[in-house]
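Okay, entry20.cif is below, mmCIF, C-alpha atoms, pLDDT in the B column; chains and numbers go by the auth columns:
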data_run
#
loop_
_atom_site.group_PDB
_atom_site.id
_atom_site.type_symbol
_atom_site.label_atom_id
_atom_site.label_comp_id
_atom_site.label_asym_id
_atom_site.label_seq_id
_atom_site.Cartn_x
_atom_site.Cartn_y
_atom_site.Cartn_z
_atom_site.B_iso_or_equiv
_atom_site.auth_seq_id
_atom_site.auth_asym_id
ATOM 1 C CA MET A 1 -7.302 16.312 -9.840 41.00 30 A
ATOM 2 C CA GLU A 2 -8.449 14.457 -12.966 45.00 31 A
ATOM 3 C CA ASN A 3 -10.035 15.290 -16.306 47.00 32 A
ATOM 4 C CA ASN A 4 -12.893 13.478 -18.055 50.00 33 A
ATOM 5 C CA ASN A 5 -10.489 10.845 -19.334 67.00 34 A
ATOM 6 C CA GLY A 6 -9.409 9.947 -15.820 73.00 35 A
ATOM 7 C CA LEU A 7 -5.884 11.228 -16.412 84.00 36 A
ATOM 8 C CA ALA A 8 -4.336 12.960 -13.416 90.00 37 A
ATOM 9 C CA VAL A 9 -2.809 16.419 -13.833 92.00 38 A
ATOM 10 C CA ALA A 10 0.976 16.341 -13.365 90.00 39 A
ATOM 11 C CA ASP A 11 1.103 19.481 -11.211 88.00 40 A
ATOM 12 C CA ASN A 12 4.226 18.259 -9.414 89.00 41 A
ATOM 13 C CA PHE A 13 6.177 17.691 -12.638 91.00 42 A
ATOM 14 C CA ASP A 14 8.989 20.249 -12.442 89.00 43 A
ATOM 15 C CA LEU A 15 8.940 21.565 -15.985 87.00 44 A
ATOM 16 C CA GLN A 16 11.991 23.653 -16.860 83.00 45 A
ATOM 17 C CA THR A 17 12.031 25.210 -20.324 79.00 46 A
ATOM 18 C CA VAL A 18 14.281 27.559 -22.252 73.00 47 A
ATOM 19 C CA ASN A 19 13.696 29.796 -25.266 74.00 48 A
ATOM 20 C CA LEU A 20 15.731 27.742 -27.727 69.00 49 A
ATOM 21 C CA ALA A 21 15.299 30.192 -30.603 66.00 50 A
ATOM 22 C CA LYS A 22 16.612 33.093 -28.521 73.00 51 A
ATOM 23 C CA ALA A 23 19.454 30.999 -27.101 72.00 52 A
ATOM 24 C CA MET A 24 20.520 30.001 -30.610 67.00 53 A
ATOM 25 C CA MET A 25 20.596 33.616 -31.777 68.00 54 A
ATOM 26 C CA GLU A 26 22.456 34.955 -28.756 76.00 55 A
ATOM 27 C CA GLU A 27 24.827 32.159 -27.772 76.00 56 A
ATOM 28 C CA MET A 28 25.259 29.673 -30.631 71.00 57 A
ATOM 29 C CA ASP A 29 26.070 31.979 -33.542 72.00 58 A
ATOM 30 C CA GLY A 30 28.744 30.225 -35.588 71.00 59 A
ATOM 31 C CA LEU A 31 28.760 27.190 -33.275 73.00 60 A
ATOM 32 C CA GLY A 32 26.080 25.118 -34.999 67.00 61 A
ATOM 33 C CA THR A 33 22.954 23.622 -33.444 69.00 62 A
ATOM 34 C CA LEU A 34 22.411 22.922 -29.758 70.00 63 A
ATOM 35 C CA PRO A 35 24.113 19.624 -28.809 72.00 64 A
ATOM 36 C CA PHE A 36 21.179 17.589 -27.505 81.00 65 A
ATOM 37 C CA ASP A 37 22.083 14.587 -25.391 85.00 66 A
ATOM 38 C CA ARG A 38 21.344 11.334 -27.222 88.00 67 A
ATOM 39 C CA VAL A 39 19.985 8.354 -25.329 89.00 68 A
ATOM 40 C CA LYS A 40 20.393 4.839 -26.734 84.00 69 A
ATOM 41 C CA ILE A 41 18.437 1.620 -26.512 87.00 70 A
ATOM 42 C CA PRO A 42 20.942 -1.129 -25.627 85.00 71 A
ATOM 43 C CA SER A 43 21.661 -4.146 -27.792 82.00 72 A
ATOM 44 C CA GLY A 44 21.430 -7.714 -26.541 85.00 73 A
ATOM 45 C CA GLY A 45 18.180 -7.257 -24.629 88.00 74 A
ATOM 46 C CA GLY A 46 19.476 -4.826 -22.022 90.00 75 A
ATOM 47 C CA LEU A 47 16.858 -3.140 -19.847 93.00 76 A
ATOM 48 C CA ALA A 48 18.678 0.140 -19.156 93.00 77 A
ATOM 49 C CA PHE A 49 18.988 3.130 -21.452 92.00 78 A
ATOM 50 C CA GLU A 50 22.460 4.530 -22.015 87.00 79 A
ATOM 51 C CA MET A 51 22.753 8.299 -21.815 84.00 80 A
ATOM 52 C CA PRO A 52 25.658 10.746 -21.509 80.00 81 A
ATOM 53 C CA GLY A 53 26.881 11.542 -18.022 74.00 82 A
ATOM 54 C CA GLU A 54 28.738 14.565 -16.713 74.00 83 A
ATOM 55 C CA ASP A 55 31.901 12.859 -17.977 72.00 84 A
ATOM 56 C CA GLU A 56 31.507 11.997 -21.683 70.00 85 A
ATOM 57 C CA SER A 57 33.657 8.894 -21.251 72.00 86 A
ATOM 58 C CA SER A 58 31.367 7.530 -18.515 78.00 87 A
ATOM 59 C CA PRO A 59 27.767 7.145 -19.766 80.00 88 A
ATOM 60 C CA GLU A 60 24.959 6.653 -17.279 86.00 89 A
ATOM 61 C CA SER A 61 22.408 3.837 -17.258 90.00 90 A
ATOM 62 C CA VAL A 62 18.749 4.447 -16.392 92.00 91 A
ATOM 63 C CA THR A 63 15.865 1.987 -16.501 95.00 92 A
ATOM 64 C CA GLU A 64 13.203 4.636 -17.097 95.00 93 A
ATOM 65 C CA ILE A 65 12.823 7.926 -18.949 96.00 94 A
ATOM 66 C CA THR A 66 9.968 10.173 -17.872 96.00 95 A
ATOM 67 C CA GLY A 67 9.207 13.403 -19.696 96.00 96 A
ATOM 68 C CA VAL A 68 7.246 15.258 -22.336 97.00 97 A
ATOM 69 C CA ILE A 69 7.634 14.200 -25.981 97.00 98 A
ATOM 70 C CA LEU A 70 7.962 17.656 -27.512 95.00 99 A
ATOM 71 C CA ASP A 71 8.242 16.390 -31.071 95.00 100 A
ATOM 72 C CA HIS A 72 8.763 13.166 -33.018 95.00 101 A
ATOM 73 C CA HIS A 73 9.309 12.338 -36.660 93.00 102 A
ATOM 74 C CA PRO A 74 10.377 9.458 -38.958 92.00 103 A
ATOM 75 C CA LEU A 75 13.880 8.835 -40.304 90.00 104 A
ATOM 76 C CA ASN A 76 14.996 6.427 -43.009 92.00 105 A
ATOM 77 C CA ALA A 77 18.485 5.029 -43.566 89.00 106 A
ATOM 78 C CA TYR A 78 19.874 2.703 -46.239 91.00 107 A
ATOM 79 C CA TRP A 79 23.326 1.122 -46.393 89.00 108 A
ATOM 80 C CA LEU A 80 24.509 -0.346 -49.705 87.00 109 A
ATOM 81 C CA ASP A 81 26.516 -2.905 -47.736 82.00 110 A
ATOM 82 C CA LYS A 82 24.446 -4.502 -44.993 70.00 111 A
ATOM 83 C CA PHE A 83 24.591 -2.566 -41.745 61.00 112 A
ATOM 84 C CA ALA A 84 26.507 -4.461 -39.056 58.00 113 A
ATOM 85 C CA GLY A 85 26.834 -1.892 -36.296 57.00 114 A
ATOM 86 C CA GLY A 86 29.220 1.005 -35.825 59.00 115 A
ATOM 87 C CA ASN A 87 28.805 4.622 -36.840 65.00 116 A
ATOM 88 C CA GLN A 88 29.215 4.469 -40.608 74.00 117 A
ATOM 89 C CA PRO A 89 26.861 6.981 -42.263 80.00 118 A
ATOM 90 C CA PRO A 90 24.094 5.572 -44.485 87.00 119 A
ATOM 91 C CA ASP A 91 24.499 5.679 -48.259 91.00 120 A
ATOM 92 C CA CYS A 92 21.030 7.186 -48.534 93.00 121 A
ATOM 93 C CA SER A 93 19.087 8.850 -45.752 91.00 122 A
ATOM 94 C CA SER A 94 15.890 10.789 -45.134 92.00 123 A
ATOM 95 C CA ILE A 95 15.324 13.165 -42.221 88.00 124 A
ATOM 96 C CA ASN A 96 11.574 13.308 -42.823 89.00 125 A
ATOM 97 C CA GLY A 97 10.739 9.764 -43.937 90.00 126 A
ATOM 98 C CA LYS A 98 9.514 11.096 -47.277 92.00 127 A
ATOM 99 C CA GLN A 99 12.516 12.074 -49.403 93.00 128 A
ATOM 100 C CA GLY A 100 15.881 10.368 -49.289 93.00 129 A
ATOM 101 C CA VAL A 101 19.208 11.873 -50.377 93.00 130 A
ATOM 102 C CA ASN A 102 22.031 9.802 -51.875 93.00 131 A
ATOM 103 C CA ARG A 103 25.186 10.628 -49.898 89.00 132 A
ATOM 104 C CA GLU A 104 27.523 10.349 -52.913 90.00 133 A
ATOM 105 C CA THR A 105 25.497 11.936 -55.724 91.00 134 A
ATOM 106 C CA GLY A 106 22.983 14.151 -53.920 91.00 135 A
ATOM 107 C CA GLU A 107 20.168 12.492 -55.872 93.00 136 A
ATOM 108 C CA ILE A 108 16.767 12.837 -54.210 94.00 137 A
ATOM 109 C CA LYS A 109 14.479 9.806 -54.135 92.00 138 A
ATOM 110 C CA ASP A 110 10.861 9.356 -53.083 95.00 139 A
ATOM 111 C CA CYS A 111 10.839 7.045 -50.060 95.00 140 A
ATOM 112 C CA ALA A 112 7.314 5.781 -50.753 93.00 141 A
ATOM 113 C CA THR A 113 8.278 4.327 -54.124 95.00 142 A
ATOM 114 C CA CYS A 114 11.933 3.471 -53.485 95.00 143 A
ATOM 115 C CA PRO A 115 12.427 -0.301 -53.972 94.00 144 A
ATOM 116 C CA TYR A 116 14.729 -0.473 -50.938 93.00 145 A
ATOM 117 C CA ASN A 117 11.918 0.820 -48.700 93.00 146 A
ATOM 118 C CA GLN A 118 9.515 -1.995 -49.584 93.00 147 A
ATOM 119 C CA PHE A 119 8.850 -5.118 -47.542 88.00 148 A
ATOM 120 C CA GLY A 120 10.698 -8.052 -49.071 89.00 149 A
ATOM 121 C CA SER A 121 13.646 -5.952 -50.266 90.00 150 A
ATOM 122 C CA ASP A 122 15.759 -7.565 -47.509 86.00 151 A
ATOM 123 C CA GLY A 123 14.309 -10.986 -46.820 82.00 152 A
ATOM 124 C CA LYS A 124 10.999 -10.420 -45.029 77.00 153 A
ATOM 125 C CA GLY A 125 11.920 -6.886 -44.005 82.00 154 A
ATOM 126 C CA LYS A 126 13.152 -3.719 -45.668 88.00 155 A
ATOM 127 C CA ALA A 127 16.643 -2.948 -46.926 90.00 156 A
ATOM 128 C CA CYS A 128 15.990 0.648 -45.862 91.00 157 A
ATOM 129 C CA LYS A 129 15.652 0.902 -42.096 88.00 158 A
ATOM 130 C CA ASN A 130 12.863 3.023 -40.633 90.00 159 A
ATOM 131 C CA LEU A 131 13.588 4.823 -37.358 90.00 160 A
ATOM 132 C CA HIS A 132 11.614 7.374 -35.377 93.00 161 A
ATOM 133 C CA ARG A 133 13.292 10.242 -33.531 93.00 162 A
ATOM 134 C CA LEU A 134 11.884 11.644 -30.285 96.00 163 A
ATOM 135 C CA PHE A 135 12.741 14.880 -28.458 95.00 164 A
ATOM 136 C CA ILE A 136 11.981 14.328 -24.755 96.00 165 A
ATOM 137 C CA LEU A 137 11.903 17.056 -22.106 94.00 166 A
ATOM 138 C CA ARG A 138 12.647 15.538 -18.714 93.00 167 A
ATOM 139 C CA GLU A 139 11.774 16.919 -15.296 90.00 168 A
ATOM 140 C CA SER A 140 14.040 19.710 -13.979 87.00 169 A
ATOM 141 C CA ASN A 141 16.097 19.732 -17.181 86.00 170 A
ATOM 142 C CA PRO A 142 15.534 22.395 -19.886 85.00 171 A
ATOM 143 C CA VAL A 143 17.527 20.576 -22.603 84.00 172 A
ATOM 144 C CA PRO A 144 15.623 17.791 -24.411 89.00 173 A
ATOM 145 C CA LEU A 145 16.966 14.287 -24.869 92.00 174 A
ATOM 146 C CA MET A 146 17.042 12.855 -28.377 92.00 175 A
ATOM 147 C CA LEU A 147 16.076 9.185 -28.769 93.00 176 A
ATOM 148 C CA SER A 148 15.992 7.331 -32.107 90.00 177 A
ATOM 149 C CA LEU A 149 13.721 4.307 -31.938 91.00 178 A
ATOM 150 C CA PRO A 150 14.816 1.282 -34.005 88.00 179 A
ATOM 151 C CA PRO A 151 12.304 -0.689 -36.136 86.00 180 A
ATOM 152 C CA THR A 152 11.414 -3.085 -33.317 87.00 181 A
ATOM 153 C CA SER A 153 9.955 -0.265 -31.203 92.00 182 A
ATOM 154 C CA LEU A 154 7.914 1.502 -33.870 92.00 183 A
ATOM 155 C CA LYS A 155 4.645 -0.382 -33.542 92.00 184 A
ATOM 156 C CA TYR A 156 4.668 0.222 -29.774 95.00 185 A
ATOM 157 C CA MET A 157 5.168 3.940 -30.399 95.00 186 A
ATOM 158 C CA ARG A 158 2.323 3.872 -32.939 95.00 187 A
ATOM 159 C CA ASP A 159 -0.069 2.145 -30.546 96.00 188 A
ATOM 160 C CA TYR A 160 0.810 4.502 -27.710 97.00 189 A
ATOM 161 C CA ILE A 161 0.386 7.696 -29.737 96.00 190 A
ATOM 162 C CA ALA A 162 -2.884 6.521 -31.292 96.00 191 A
ATOM 163 C CA LYS A 163 -4.633 4.713 -28.435 94.00 192 A
ATOM 164 C CA ARG A 164 -3.256 6.405 -25.320 94.00 193 A
ATOM 165 C CA ILE A 165 -2.846 9.986 -26.541 95.00 194 A
ATOM 166 C CA LEU A 166 -4.825 10.886 -29.676 95.00 195 A
ATOM 167 C CA PHE A 167 -7.917 8.839 -28.819 93.00 196 A
ATOM 168 C CA LYS A 168 -8.006 10.545 -25.415 92.00 197 A
ATOM 169 C CA GLY A 169 -7.963 13.998 -27.014 93.00 198 A
ATOM 170 C CA PHE A 170 -4.338 14.915 -26.309 96.00 199 A
ATOM 171 C CA ARG A 171 -1.136 15.556 -28.228 96.00 200 A
ATOM 172 C CA SER A 172 2.246 14.126 -27.247 96.00 201 A
ATOM 173 C CA TRP A 173 3.512 17.502 -25.942 96.00 202 A
ATOM 174 C CA GLN A 174 0.487 17.855 -23.648 96.00 203 A
ATOM 175 C CA VAL A 175 1.196 14.816 -21.463 97.00 204 A
ATOM 176 C CA VAL A 176 3.976 13.225 -19.444 97.00 205 A
ATOM 177 C CA THR A 177 5.213 9.921 -20.886 97.00 206 A
ATOM 178 C CA ARG A 178 7.097 7.132 -19.141 97.00 207 A
ATOM 179 C CA ILE A 179 9.386 4.982 -21.327 97.00 208 A
ATOM 180 C CA THR A 180 10.894 1.677 -20.185 97.00 209 A
ATOM 181 C CA LEU A 181 12.386 -1.347 -21.960 96.00 210 A
ATOM 182 C CA LYS A 182 11.201 -4.920 -22.428 95.00 211 A
ATOM 183 C CA LYS A 183 13.331 -7.880 -23.474 93.00 212 A
ATOM 184 C CA GLU A 184 12.206 -10.026 -26.432 91.00 213 A
ATOM 185 C CA LYS A 185 13.653 -12.872 -28.497 87.00 214 A
ATOM 186 C CA SER A 186 13.265 -13.369 -32.247 81.00 215 A
ATOM 187 C CA ALA A 187 12.466 -16.661 -33.952 77.00 216 A
ATOM 188 C CA ALA A 188 16.163 -16.924 -34.766 77.00 217 A
ATOM 189 C CA GLY A 189 17.035 -16.708 -31.069 84.00 218 A
ATOM 190 C CA ILE A 190 18.289 -13.111 -31.206 86.00 219 A
ATOM 191 C CA THR A 191 17.619 -11.231 -27.951 90.00 220 A
ATOM 192 C CA TYR A 192 16.715 -7.541 -28.261 90.00 221 A
ATOM 193 C CA SER A 193 14.885 -4.774 -26.400 92.00 222 A
ATOM 194 C CA HIS A 194 11.922 -2.652 -27.405 93.00 223 A
ATOM 195 C CA ALA A 195 10.524 0.505 -25.852 95.00 224 A
ATOM 196 C CA VAL A 196 7.389 0.426 -23.690 97.00 225 A
ATOM 197 C CA PHE A 197 5.304 3.598 -23.369 97.00 226 A
ATOM 198 C CA ALA A 198 2.889 4.627 -20.626 96.00 227 A
ATOM 199 C CA LEU A 199 0.958 7.781 -19.740 95.00 228 A
ATOM 200 C CA ALA A 200 2.142 9.351 -16.485 94.00 229 A
ATOM 201 C CA GLY A 201 -0.182 12.383 -16.403 95.00 230 A
ATOM 202 C CA ARG A 202 -1.331 15.465 -18.282 95.00 231 A
ATOM 203 C CA LEU A 203 0.107 18.965 -18.049 95.00 232 A
ATOM 204 C CA ASN A 204 -1.697 21.929 -16.535 94.00 233 A
ATOM 205 C CA GLN A 205 -2.385 25.101 -18.511 93.00 234 A
ATOM 206 C CA LYS A 206 0.741 26.903 -17.334 91.00 235 A
ATOM 207 C CA GLN A 207 2.919 23.949 -18.306 92.00 236 A
ATOM 208 C CA LEU A 208 1.212 23.681 -21.693 93.00 237 A
ATOM 209 C CA CYS A 209 2.135 27.242 -22.601 90.00 238 A
ATOM 210 C CA LYS A 210 5.800 26.372 -22.065 88.00 239 A
ATOM 211 C CA THR A 211 5.821 23.058 -23.918 92.00 240 A
ATOM 212 C CA GLU A 212 3.862 24.429 -26.881 91.00 241 A
ATOM 213 C CA ALA A 213 6.493 27.116 -27.478 87.00 242 A
ATOM 214 C CA MET A 214 9.320 24.588 -27.227 88.00 243 A
ATOM 215 C CA LYS A 215 7.698 22.022 -29.503 90.00 244 A
ATOM 216 C CA ASP A 216 7.174 24.685 -32.175 88.00 245 A
ATOM 217 C CA CYS A 217 10.859 25.605 -32.016 84.00 246 A
ATOM 218 C CA ILE A 218 11.971 21.951 -32.165 87.00 247 A
ATOM 219 C CA ARG A 219 9.738 21.262 -35.154 87.00 248 A
ATOM 220 C CA GLN A 220 10.896 24.330 -37.075 81.00 249 A
ATOM 221 C CA GLN A 221 14.626 24.263 -36.341 77.00 250 A
ATOM 222 C CA TYR A 222 15.810 20.862 -35.132 80.00 251 A
ATOM 223 C CA ARG A 223 14.152 18.293 -37.372 79.00 252 A
ATOM 224 C CA GLN A 224 17.053 18.882 -39.747 75.00 253 A
ATOM 225 C CA ILE A 225 19.621 17.277 -37.434 73.00 254 A
ATOM 226 C CA GLY A 226 21.506 14.703 -39.481 66.00 255 A
ATOM 227 C CA PHE A 227 22.603 11.118 -38.940 64.00 256 A
ATOM 228 C CA GLU A 228 25.983 11.781 -37.299 56.00 257 A
ATOM 229 C CA ASP A 229 25.248 9.435 -34.394 53.00 258 A
ATOM 230 C CA ASP A 230 22.007 7.739 -35.411 57.00 259 A
ATOM 231 C CA ALA A 231 23.837 4.959 -37.251 52.00 260 A
ATOM 232 C CA GLY A 232 24.931 3.585 -33.898 51.00 261 A
ATOM 233 C CA ASP A 233 21.326 3.631 -32.700 53.00 262 A
ATOM 234 C CA MET A 234 20.326 1.213 -35.460 52.00 263 A
ATOM 235 C CA ALA A 235 21.742 -1.715 -33.526 46.00 264 A
ATOM 236 C CA GLY A 236 20.023 -0.717 -30.287 47.00 265 A
ATOM 237 C CA GLY A 237 16.849 -2.649 -29.567 46.00 266 A
ATOM 238 C CA MET A 238 17.906 -5.157 -32.223 46.00 267 A
ATOM 239 C CA ALA A 239 20.913 -7.372 -32.706 38.00 268 A
ATOM 240 C CA ALA A 240 23.464 -7.159 -35.474 35.00 269 A
ATOM 241 C CA ASP A 241 25.853 -9.908 -36.416 32.00 270 A
ATOM 242 C CA SER A 242 28.444 -10.373 -39.152 28.00 271 A
ATOM 243 C CA SER A 243 25.711 -10.971 -41.713 28.00 272 A
ATOM 244 C CA GLY A 244 24.063 -7.633 -40.985 31.00 273 A
ATOM 245 C CA PHE A 245 20.914 -6.268 -39.412 35.00 274 A
ATOM 246 C CA MET A 246 18.562 -8.916 -38.035 36.00 275 A
ATOM 247 C CA GLU A 247 14.781 -8.534 -38.083 43.00 276 A
ATOM 248 C CA ALA A 248 12.489 -9.668 -35.293 40.00 277 A
ATOM 249 C CA PRO A 249 9.224 -11.428 -36.174 38.00 278 A
ATOM 250 C CA ASP A 250 6.964 -8.689 -34.845 41.00 279 A
ATOM 251 C CA VAL A 251 8.272 -6.049 -37.272 43.00 280 A
ATOM 252 C CA THR A 252 7.994 -7.945 -40.538 41.00 281 A
ATOM 253 C CA GLY A 253 5.021 -7.457 -42.795 43.00 282 A
ATOM 254 C CA GLU A 254 2.901 -4.464 -43.702 43.00 283 A
ATOM 255 C CA ASP A 255 1.428 -3.995 -40.211 44.00 284 A
ATOM 256 C CA GLY A 256 4.742 -4.265 -38.386 42.00 285 A
ATOM 257 C CA LEU A 257 6.154 -0.837 -39.219 41.00 286 A
ATOM 258 C CA PRO A 258 3.914 2.171 -38.606 39.00 287 A
ATOM 259 C CA PHE A 259 4.219 5.709 -39.978 39.00 288 A
ATOM 260 C CA LYS A 260 4.158 4.351 -43.548 40.00 289 A
ATOM 261 C CA ASN A 261 5.448 6.798 -46.113 38.00 290 A
#

Could you render the structure as structure tokens?
Amino acid sequence: MENNNGLAVADNFDLQTVNLAKAMMEEMDGLGTLPFDRVKIPSGGGLAFEMPGEDESSPESVTEITGVILDHHPLNAYWLDKFAGGNQPPDCSSINGKQGVNRETGEIKDCATCPYNQFGSDGKGKACKNLHRLFILRESNPVPLMLSLPPTSLKYMRDYIAKRILFKGFRSWQVVTRITLKKEKSAAGITYSHAVFALAGRLNQKQLCKTEAMKDCIRQQYRQIGFEDDAGDMAGGMAADSSGFMEAPDVTGEDGLPFKN
């Protein structure tokens, strides 16, 4: 069965959802937010995502993530000393890509005019690193994955959302998306991975009712999740050495990074 855009309906996609708002009220009182599993893009050009397994000390590797992107939003992070991997929190961060908060002073800055968020503030790139966080609902699993895309993957996300989803009359939570990895090499010889996005089908009306409720809850309650683990994601899909974060040629310049503030 297909629609006018030639996109098959994903009737066989086993969509399992949960009322997150109700679960939070009944089960998580005093325990904080729901602990979403975080999936990471590997460094060094790896082609398998790393995600938590049943045993936290033994992560699993998968070459493909297929699911519904319930919500996505920009994140910005700036380190006073150049970021070189690890989990150190940023000195200034923004959970909406619009306003950044200084970790030490609490000062709020406008990301659009901040000098560290301009091209050329760190060589050809930005001193402030732009990420994009995705909440992905996989088949037969009611708890979304959380994936933070590094700068090298942003233009591919932009092209996918615009050309493959919006221009076809859909929203990200109305379709099934397949995400894989592709290996690239920068002009400096640094090998890294970027995300590749593909449409795998559209949801039927019954499925849409479920995903719409979940995406509303994610947008209202979980966009505030901080940077506790996102610092480690900065090095995924890119390479970091002792001199700091390395840019790849396809993400430098005004057209390289989408979702401009």

Inset, instruction - Choose the residue, out of A:Thr240, A:Thr220, A:Gln249, A:Asn41, that has the smallest atom-to-atom separation from A:Gly75; count all atoms listed in the file. - result: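 Using all atoms listed in the file, the shortest distance to A:Gly75 belongs to A:Thr220.
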
Legend entry - Counting all atoms listed in the file, the residue of A:Asn159, A:Leu63, A:Asn131, A:Leu183 that sits nearest A:Ile247: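 Among A:Asn159, A:Leu63, A:Asn131, A:Leu183, it is A:Leu63 that comes nearest to A:Ile247.
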
Inset, instruction - Identify, on the basis of only C-alpha atoms, every residue whose closest approach to A:Ser123 does not exceed 9 Å; exclude the query and any residue fewer than 2 positions from it along the same chain; express the result as a PyMOL selection string. - result: chain A and resi 103-106+121+125-130+140+255

Inset, instruction - Record the distance separating atom CA of A:Glu168 and atom CA of A:Val97, expressed in Å with one decimal. - result: 8.5 Å

List the residues selected by the PyMOL selection byres ((chain A and resi 133) around 12) in the file shown, writing them as a JSON list (two decimals) with C-alpha atoms, in the frame of the given file.
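In the end it all went to selection_28.json:
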[["chain", "number", "residue", "atom", "x", "y", "z"],
["A", 109, "LEU", "CA", 24.51, -0.35, -49.70],
["A", 118, "PRO", "CA", 26.86, 6.98, -42.26],
["A", 119, "PRO", "CA", 24.09, 5.57, -44.48],
["A", 120, "ASP", "CA", 24.50, 5.68, -48.26],
["A", 121, "CYS", "CA", 21.03, 7.19, -48.53],
["A", 122, "SER", "CA", 19.09, 8.85, -45.75],
["A", 130, "VAL", "CA", 19.21, 11.87, -50.38],
["A", 131, "ASN", "CA", 22.03, 9.80, -51.88],
["A", 132, "ARG", "CA", 25.19, 10.63, -49.90],
["A", 134, "THR", "CA", 25.50, 11.94, -55.72],
["A", 135, "GLY", "CA", 22.98, 14.15, -53.92],
["A", 136, "GLU", "CA", 20.17, 12.49, -55.87],
["A", 137, "ILE", "CA", 16.77, 12.84, -54.21]]

Inset, instruction - Any chance you could resolve the PyMOL selection byres ((chain A and resi 169-175) around 12) against this file and give the residues as a VMD selection string? - result: chain A and resid 41 to 49 52 63 to 70 78 to 81 94 to 102 161 to 168 176 to 178 239 to 240 243 to 244 246 to 247 251 to 252 254 258 to 259 262

Legend entry - Residue nearest A:Ile208 among A:Lys155, A:Lys111, A:His223, A:Lys192 (counting all atoms listed in the file):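 Going through A:Lys155, A:Lys111, A:His223, A:Lys192 one by one, the smallest distance to A:Ile208 is for A:His223.
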
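As for atom CA of A:Asp110 and atom CA of A:Cys143, they are spaced 16.9 Å apart.
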
Legend entry - Surrounding residues of A:Gln203 excluding itself and chain neighbours under 2 positions, 10 Å, only C-alpha atoms, as a PyMOL selection string: chain A and resi 97-99+194+198-201+205-206+230-234+236-238+240-241
